[in-house]
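File shown here: data_11.tsv, holding TSV, C-alpha atoms and all ligand atoms.
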chain	number	residue	atom	x	y	z
A	1255	MET	CA	20.65	2.66	-7.85
A	1256	PRO	CA	19.80	-0.95	-8.67
A	1257	GLU	CA	19.15	-1.96	-12.28
A	1258	LYS	CA	15.72	-0.98	-13.61
A	1259	ARG	CA	14.48	-4.44	-14.65
A	1260	PRO	CA	14.74	-7.54	-12.49
A	1261	PRO	CA	16.15	-10.63	-14.22
A	1262	GLU	CA	13.47	-12.93	-12.82
A	1263	GLU	CA	9.73	-13.02	-12.22
A	1264	LEU	CA	8.26	-12.06	-8.85
A	1265	ASN	CA	5.96	-15.10	-8.47
A	1266	ARG	CA	4.80	-14.14	-5.01
A	1267	ALA	CA	2.79	-11.62	-3.06
A	1268	VAL	CA	4.59	-8.59	-1.67
A	1269	ILE	CA	3.00	-6.90	1.34
A	1270	LEU	CA	3.86	-3.31	2.17
A	1271	LEU	CA	3.02	-2.71	5.80
A	1272	GLY	CA	3.14	0.67	7.50
A	1273	PRO	CA	1.11	3.58	8.87
A	1274	PRO	CA	-0.80	6.08	6.73
A	1275	GLY	CA	1.65	8.23	4.79
A	1276	ALA	CA	4.61	5.85	5.20
A	1277	GLY	CA	4.94	5.61	1.41
A	1278	LYS	CA	3.25	2.25	0.73
A	1279	GLY	CA	1.50	3.49	-2.43
A	1280	THR	CA	4.59	5.27	-3.75
A	1281	GLN	CA	6.79	2.19	-3.34
A	1282	ALA	CA	4.11	-0.32	-4.41
A	1283	LYS	CA	3.72	1.43	-7.78
A	1284	LYS	CA	7.48	1.28	-8.39
A	1285	LEU	CA	7.85	-2.36	-7.42
A	1286	ALA	CA	4.80	-3.45	-9.41
A	1287	ALA	CA	6.10	-1.61	-12.48
A	1288	LYS	CA	9.57	-3.19	-12.13
A	1289	TYR	CA	8.13	-6.70	-12.07
A	1290	SER	CA	5.18	-5.97	-14.43
A	1291	VAL	CA	2.70	-7.26	-11.86
A	1292	PRO	CA	-0.46	-5.56	-10.54
A	1293	HIS	CA	-0.38	-3.03	-7.72
A	1294	LEU	CA	-3.30	-3.99	-5.48
A	1295	SER	CA	-4.34	-1.11	-3.24
A	1296	THR	CA	-7.43	-1.93	-1.18
A	1297	GLY	CA	-7.74	1.82	-0.47
A	1298	ASP	CA	-7.94	2.53	-4.25
A	1299	MET	CA	-10.38	-0.35	-4.78
A	1300	LEU	CA	-12.64	0.95	-2.02
A	1301	ARG	CA	-12.40	4.54	-3.33
A	1302	GLU	CA	-13.47	3.24	-6.75
A	1303	HIS	CA	-16.53	1.60	-5.19
A	1304	VAL	CA	-17.30	4.88	-3.41
A	1305	ALA	CA	-16.95	6.86	-6.67
A	1306	LEU	CA	-19.20	4.40	-8.53
A	1307	GLY	CA	-21.76	4.42	-5.72
A	1308	THR	CA	-21.92	0.61	-5.46
A	1309	SER	CA	-23.61	-0.88	-2.38
A	1310	LEU	CA	-20.14	-1.68	-1.00
A	1311	GLY	CA	-19.06	1.91	-1.70
A	1312	VAL	CA	-22.11	3.32	0.07
A	1313	LYS	CA	-21.26	1.26	3.17
A	1314	ALA	CA	-17.52	2.06	3.05
A	1315	LYS	CA	-17.74	5.84	2.42
A	1316	PRO	CA	-18.68	7.11	5.91
A	1317	ILE	CA	-16.29	4.64	7.56
A	1318	MET	CA	-13.35	5.79	5.40
A	1319	GLU	CA	-14.23	9.44	5.97
A	1320	ARG	CA	-14.04	8.88	9.72
A	1321	GLY	CA	-10.59	7.31	9.29
A	1322	GLU	CA	-11.70	3.89	10.53
A	1323	LEU	CA	-11.16	0.49	8.94
A	1324	VAL	CA	-13.80	-1.00	6.67
A	1325	PRO	CA	-15.07	-4.37	8.04
A	1326	ASP	CA	-12.99	-7.41	7.06
A	1327	SER	CA	-15.98	-9.10	5.42
A	1328	LEU	CA	-16.22	-6.35	2.76
A	1329	VAL	CA	-12.48	-6.07	2.09
A	1330	LEU	CA	-11.80	-9.81	1.87
A	1331	LYS	CA	-14.40	-10.24	-0.84
A	1332	ILE	CA	-12.82	-7.67	-3.16
A	1333	VAL	CA	-9.32	-9.07	-2.63
A	1334	ALA	CA	-10.39	-12.68	-3.26
A	1335	VAL	CA	-12.09	-11.68	-6.53
A	1336	ARG	CA	-9.18	-9.51	-7.65
A	1337	ILE	CA	-6.45	-12.10	-7.28
A	1338	GLU	CA	-8.46	-14.57	-9.37
A	1339	ARG	CA	-7.75	-12.41	-12.44
A	1340	PRO	CA	-5.12	-13.73	-14.86
A	1341	ASP	CA	-2.83	-10.70	-14.47
A	1342	CYS	CA	-2.11	-11.88	-10.89
A	1343	SER	CA	-0.66	-15.24	-11.96
A	1344	HIS	CA	2.98	-14.06	-11.60
A	1345	GLY	CA	2.53	-12.24	-8.31
A	1346	PHE	CA	1.27	-8.86	-7.09
A	1347	VAL	CA	2.09	-6.04	-4.71
A	1348	PHE	CA	-0.35	-5.27	-1.90
A	1349	ASP	CA	-0.60	-1.76	-0.53
A	1350	GLY	CA	-2.86	-1.36	2.51
A	1351	PHE	CA	-3.72	-5.05	2.78
A	1352	PRO	CA	-3.77	-7.00	5.04
A	1353	ARG	CA	-4.64	-4.61	7.81
A	1354	THR	CA	-5.89	-6.88	10.56
A	1355	VAL	CA	-4.71	-10.27	11.83
A	1356	ALA	CA	-7.94	-11.82	10.47
A	1357	GLN	CA	-7.12	-10.40	7.00
A	1358	ALA	CA	-3.56	-11.75	7.22
A	1359	GLN	CA	-4.79	-15.23	8.18
A	1360	TYR	CA	-7.31	-15.21	5.33
A	1361	LEU	CA	-4.64	-14.07	2.88
A	1362	GLY	CA	-2.30	-16.86	4.01
A	1363	GLU	CA	-4.98	-19.42	3.11
A	1364	LEU	CA	-5.80	-17.69	-0.17
A	1365	LEU	CA	-2.15	-17.71	-1.25
A	1366	LYS	CA	-1.86	-21.41	-0.44
A	1367	GLN	CA	-4.99	-22.19	-2.44
A	1368	HIS	CA	-3.52	-20.35	-5.45
A	1369	GLY	CA	-0.20	-22.17	-5.13
A	1370	PHE	CA	1.89	-19.14	-4.15
A	1371	ARG	CA	4.76	-19.47	-1.72
A	1372	ARG	CA	4.84	-17.37	1.44
A	1373	PRO	CA	4.64	-13.60	0.96
A	1374	PHE	CA	7.47	-11.10	1.21
A	1375	VAL	CA	6.51	-8.58	3.91
A	1376	ILE	CA	8.23	-5.25	4.32
A	1377	HIS	CA	7.47	-2.93	7.20
A	1378	LEU	CA	7.96	0.75	6.34
A	1379	VAL	CA	9.11	2.25	9.61
A	1380	ILE	CA	8.53	5.98	9.98
A	1381	ASP	CA	8.50	8.61	12.70
A	1382	THR	CA	4.97	9.91	13.43
A	1383	ALA	CA	6.27	13.49	13.17
A	1384	LEU	CA	6.81	13.05	9.40
A	1385	ILE	CA	3.40	11.54	8.76
A	1386	LEU	CA	1.31	14.70	9.04
A	1387	ARG	CA	3.40	16.54	6.45
A	1388	ARG	CA	3.21	13.61	4.05
A	1389	ILE	CA	-0.54	13.15	4.39
A	1390	THR	CA	-1.72	16.74	4.35
A	1391	GLY	CA	0.66	17.55	1.46
A	1392	ARG	CA	-0.43	14.61	-0.71
A	1393	ARG	CA	-2.25	15.23	-3.98
A	1394	THR	CA	-3.15	12.42	-6.40
A	1395	CYS	CA	-3.85	12.51	-10.14
A	1396	LYS	CA	-7.52	11.73	-10.82
A	1397	THR	CA	-6.73	10.00	-14.11
A	1398	GLY	CA	-3.39	8.20	-13.73
A	1399	GLY	CA	-3.09	7.93	-9.93
A	1400	GLU	CA	0.40	9.53	-9.75
A	1401	ILE	CA	1.19	10.69	-6.22
A	1402	TYR	CA	2.59	14.19	-5.48
A	1403	ASN	CA	3.39	16.09	-2.34
A	1404	LEU	CA	2.96	19.85	-2.17
A	1405	TYR	CA	5.99	20.16	0.13
A	1406	ASP	CA	8.38	17.58	-1.29
A	1407	PHE	CA	7.24	16.65	-4.83
A	1408	PRO	CA	5.04	19.47	-6.13
A	1409	PRO	CA	3.71	19.26	-9.69
A	1410	LYS	CA	5.24	21.65	-12.26
A	1411	VAL	CA	1.83	23.27	-12.83
A	1412	GLU	CA	-0.32	23.79	-9.73
A	1413	GLY	CA	-3.20	21.31	-9.53
A	1414	ARG	CA	-2.18	19.39	-12.68
A	1415	CYS	CA	-0.36	16.07	-13.14
A	1416	ASP	CA	3.05	16.32	-14.85
A	1417	SER	CA	2.46	13.07	-16.78
A	1418	ASP	CA	-1.02	13.48	-18.25
A	1419	GLY	CA	-2.28	16.91	-17.16
A	1420	GLY	CA	-4.99	15.22	-15.04
A	1421	GLU	CA	-6.58	17.10	-12.17
A	1422	LEU	CA	-4.89	16.61	-8.79
A	1423	TRP	CA	-7.20	15.97	-5.84
A	1424	GLN	CA	-6.94	15.66	-2.09
A	1425	ARG	CA	-8.49	12.59	-0.45
A	1426	PRO	CA	-11.23	13.50	2.06
A	1427	ASP	CA	-9.46	11.43	4.73
A	1428	ASP	CA	-6.24	13.41	4.25
A	1429	ARG	CA	-7.68	16.37	6.17
A	1430	GLU	CA	-5.64	17.10	9.29
A	1431	GLU	CA	-8.49	16.23	11.70
A	1432	ILE	CA	-8.81	12.71	10.24
A	1433	VAL	CA	-5.11	11.86	10.55
A	1434	GLY	CA	-5.40	11.18	14.33
A	1435	PRO	CA	-8.22	8.62	13.97
A	1436	ARG	CA	-6.35	6.92	11.09
A	1437	LEU	CA	-3.19	6.62	13.18
A	1438	ARG	CA	-5.17	5.23	16.12
A	1439	ALA	CA	-6.83	2.64	13.86
A	1440	TYR	CA	-3.37	1.69	12.59
A	1441	GLU	CA	-1.92	1.28	16.10
A	1442	LYS	CA	-4.85	-0.74	17.37
A	1443	GLN	CA	-5.70	-2.97	14.40
A	1444	THR	CA	-2.75	-3.04	11.99
A	1445	ALA	CA	0.43	-2.65	14.09
A	1446	PRO	CA	-0.10	-6.16	15.61
A	1447	LEU	CA	0.72	-7.52	12.13
A	1448	VAL	CA	4.36	-6.57	12.68
A	1449	ALA	CA	4.61	-9.16	15.49
A	1450	TYR	CA	2.43	-11.59	13.51
A	1451	TYR	CA	4.73	-11.63	10.48
A	1452	LYS	CA	7.84	-11.55	12.66
A	1453	ARG	CA	6.70	-14.76	14.37
A	1454	LEU	CA	6.30	-16.33	10.93
A	1455	GLY	CA	9.85	-15.23	10.06
A	1456	LEU	CA	8.60	-13.17	7.12
A	1457	LEU	CA	9.15	-9.61	8.32
A	1458	HIS	CA	11.70	-7.23	6.75
A	1459	GLU	CA	12.14	-3.56	7.57
A	1460	ALA	CA	12.92	-0.38	5.68
A	1461	ASP	CA	13.54	3.10	7.06
A	1462	ALA	CA	10.71	5.00	5.36
A	1463	SER	CA	11.89	8.42	6.53
A	1464	LYS	CA	14.60	8.33	3.85
A	1465	SER	CA	14.16	9.63	0.30
A	1466	VAL	CA	11.89	7.75	-2.13
A	1467	GLU	CA	14.97	6.42	-3.97
A	1468	GLU	CA	16.68	5.27	-0.77
A	1469	VAL	CA	13.55	3.47	0.45
A	1470	GLU	CA	13.20	1.85	-2.98
A	1471	GLU	CA	16.75	0.56	-2.75
A	1472	GLN	CA	16.25	-0.82	0.78
A	1473	ILE	CA	13.14	-2.73	-0.37
A	1474	TRP	CA	14.94	-4.01	-3.43
A	1475	LYS	CA	17.88	-5.28	-1.38
A	1476	ALA	CA	15.63	-6.94	1.23
A	1477	LEU	CA	13.63	-8.64	-1.51
A	1478	HIS	CA	16.74	-10.00	-3.16
A	1479	HIS	CA	18.15	-11.14	0.16
A	1480	ALA	CA	14.88	-12.95	0.93
A	1481	ARG	CA	14.87	-14.83	-2.39
A	1482	GLY	CA	15.52	-18.47	-1.80
A	1483	LYS	CA	15.25	-18.07	1.98
A	1484	HIS	CA	11.44	-18.18	2.14
B	1	LIG	P1	-5.34	3.56	2.15
B	1	LIG	O1	-5.69	4.18	0.87
B	1	LIG	O2	-4.70	2.22	2.17
B	1	LIG	O3	-4.52	4.60	3.00
B	1	LIG	P2	-3.39	4.46	4.16
B	1	LIG	O4	-3.00	3.11	4.57
B	1	LIG	O5	-3.91	5.34	5.22
B	1	LIG	O6	-2.13	4.90	3.48
B	1	LIG	P3	-1.93	6.16	2.62
B	1	LIG	O7	-2.47	5.92	1.23
B	1	LIG	O8	-2.44	7.37	3.34
B	1	LIG	O9	-0.36	6.31	2.63
B	1	LIG	P4	0.80	5.54	1.88
B	1	LIG	O10	1.58	4.78	2.89
B	1	LIG	O11	0.28	4.77	0.70
B	1	LIG	O12	1.66	6.77	1.41
B	1	LIG	P5	1.91	7.41	-0.03
B	1	LIG	O13	2.83	6.55	-0.83
B	1	LIG	O14	0.62	7.83	-0.68
B	1	LIG	O15	-6.66	3.40	3.05
B	1	LIG	C1	-7.61	4.43	3.14
B	1	LIG	C2	-8.83	3.93	3.93
B	1	LIG	O16	-9.43	2.84	3.21
B	1	LIG	C3	-8.52	3.35	5.31
B	1	LIG	O17	-8.47	4.35	6.30
B	1	LIG	C4	-9.70	2.39	5.50
B	1	LIG	O18	-10.87	3.07	5.85
B	1	LIG	C5	-9.89	1.81	4.11
B	1	LIG	N1	-9.11	0.58	3.88
B	1	LIG	C6	-8.15	0.41	2.94
B	1	LIG	N2	-7.64	-0.83	2.98
B	1	LIG	C7	-8.31	-1.46	3.99
B	1	LIG	C8	-8.23	-2.77	4.54
B	1	LIG	N3	-7.33	-3.68	4.07
B	1	LIG	N4	-9.05	-3.08	5.57
B	1	LIG	C9	-9.94	-2.19	6.04
B	1	LIG	N5	-10.07	-0.93	5.57
B	1	LIG	C10	-9.25	-0.57	4.55
B	1	LIG	O19	2.74	8.69	0.41
B	1	LIG	C11	2.15	9.72	1.21
B	1	LIG	C12	2.75	11.08	0.81
B	1	LIG	O20	4.14	11.08	1.15
B	1	LIG	C13	2.69	11.39	-0.70
B	1	LIG	O21	2.46	12.76	-0.87
B	1	LIG	C14	4.09	10.99	-1.21
B	1	LIG	O22	4.45	11.76	-2.34
B	1	LIG	C15	4.96	11.28	-0.01
B	1	LIG	N6	6.10	10.36	0.12
B	1	LIG	C16	6.09	9.01	-0.05
B	1	LIG	N7	7.31	8.50	0.18
B	1	LIG	C17	8.11	9.55	0.53
B	1	LIG	C18	9.49	9.67	0.89
B	1	LIG	N8	10.29	8.60	0.98
B	1	LIG	N9	9.96	10.91	1.19
B	1	LIG	C19	9.15	12.01	1.15
B	1	LIG	N10	7.84	11.96	0.79
B	1	LIG	C20	7.33	10.73	0.50
How does this structure look as structure tokens?
Ligand code: AP5
Amino acid sequence: MPEKRPPEELNRAVILLGPPGAGKGTQAKKLAAKYSVPHLSTGDMLREHVALGTSLGVKAKPIMERGELVPDSLVLKIVAVRIERPDCSHGFVFDGFPRTVAQAQYLGELLKQHGFRRPFVIHLVIDTALILRRITGRRTCKTGGEIYNLYDFPPKVEGRCDSDGGELWQRPDDREEIVGPRLRAYEKQTAPLVAYYKRLGLLHEADASKSVEEVEEQIWKALHHARGKH
């Protein structure tokens, strides 16, 4: 495995692109921790708004429960505000953003305005057959956000997080009947970003069907290879 700490700062945005269950959150947490930069999950931000019952959360809740995408206008606002915070000054890792071409174009402008160079984009490529197992098996710690999988990475004690004993919960959109609509939304609205970033010469790929450690290593290698190139 590669060394635990990188010798240099990230100083850019990393975008993890891929369908639901590809492992974006799992890998984003690792990469953000390695570089000591924030992990920016628009899914987590929206779920927080839903839990707090903000007006944005009230609008987003039924849309998320149907497995559809929340309108760009709502998502762009929370991202723009978030990257203004000082902890983002040395870069950040996006998970679940951008998700439409309009979001990607907006992000491109936002990064320019903040003086960041072009983002590093990695597409997590995965067979649809694996997705259902990953999504329906996922459980997340309510307090620390650690991600488990009942089939592949079960907690030591059922329903409890190994790290802090927090309660593990299942996202409402992880029910089997919502997986189909989520995949269709991905194919229609997010998959075009693969061609979009390819055209810009920014796209890298990782085989996300491999183990967590192997995917981590592929991302790490691609990121190092990209350094200095763009
Ligand atoms: P979001 O929270 O972003 O969900 P998603 O994109 O559907 O992705 P997931 O979180 O389901 O999967 P993941 O790829 O992060 O996989 P994970 O690492 O957890 O979005 C939810 C909703 O919010 C959207 O449907 C939409 O409504 C709204 N939304 C969010 N962002 C938006 C935006 N920008 N615009 C509009 N709407 C937006 O892994 C999954 C499971 O697999 C886990 O159990 C994990 O342990 C396991 N696993 C991971 N990697 C591996 C591996 N290599 N081998 C074996 N198991 C693995």
- request: Please check which protein, DNA or RNA residues sit within 7 Å of ligand LIG 1 (chain B), counting only C-alpha atoms and all ligand atoms, and write them as JSON, numbers by chain.
  value: {"A": [1272, 1273, 1274, 1275, 1276, 1277, 1278, 1279, 1280, 1281, 1295, 1296, 1297, 1298, 1300, 1317, 1318, 1321, 1322, 1323, 1324, 1325, 1326, 1329, 1349, 1350, 1351, 1352, 1353, 1388, 1389, 1391, 1392, 1393, 1401, 1402, 1403, 1406, 1407, 1436, 1462, 1463, 1464, 1465, 1466, 1469]}
field: For Gly1311 (chain A), the nearest of the candidates A:Leu1328, A:Leu1422, A:Ile1385, A:Cys1415, counting only C-alpha atoms
entry: A:Leu1328
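With CA of Leu1454 (chain A) on one side and CA of His1344 (chain A) on the other, the separation reads 22.9 Å.
Minimum atom-to-atom distances from A:Val1379, A:Leu1285, A:Cys1395, A:Val1355 to Glu1263 (chain A) were compared using all atoms listed in the file, and the lowest value belongs to A:Leu1285.
Nearest residue to Ala1267 (chain A), choosing from A:Thr1394, A:Ser1309, A:Thr1354, A:Ser1343 and counting all atoms listed in the file: A:Ser1343.
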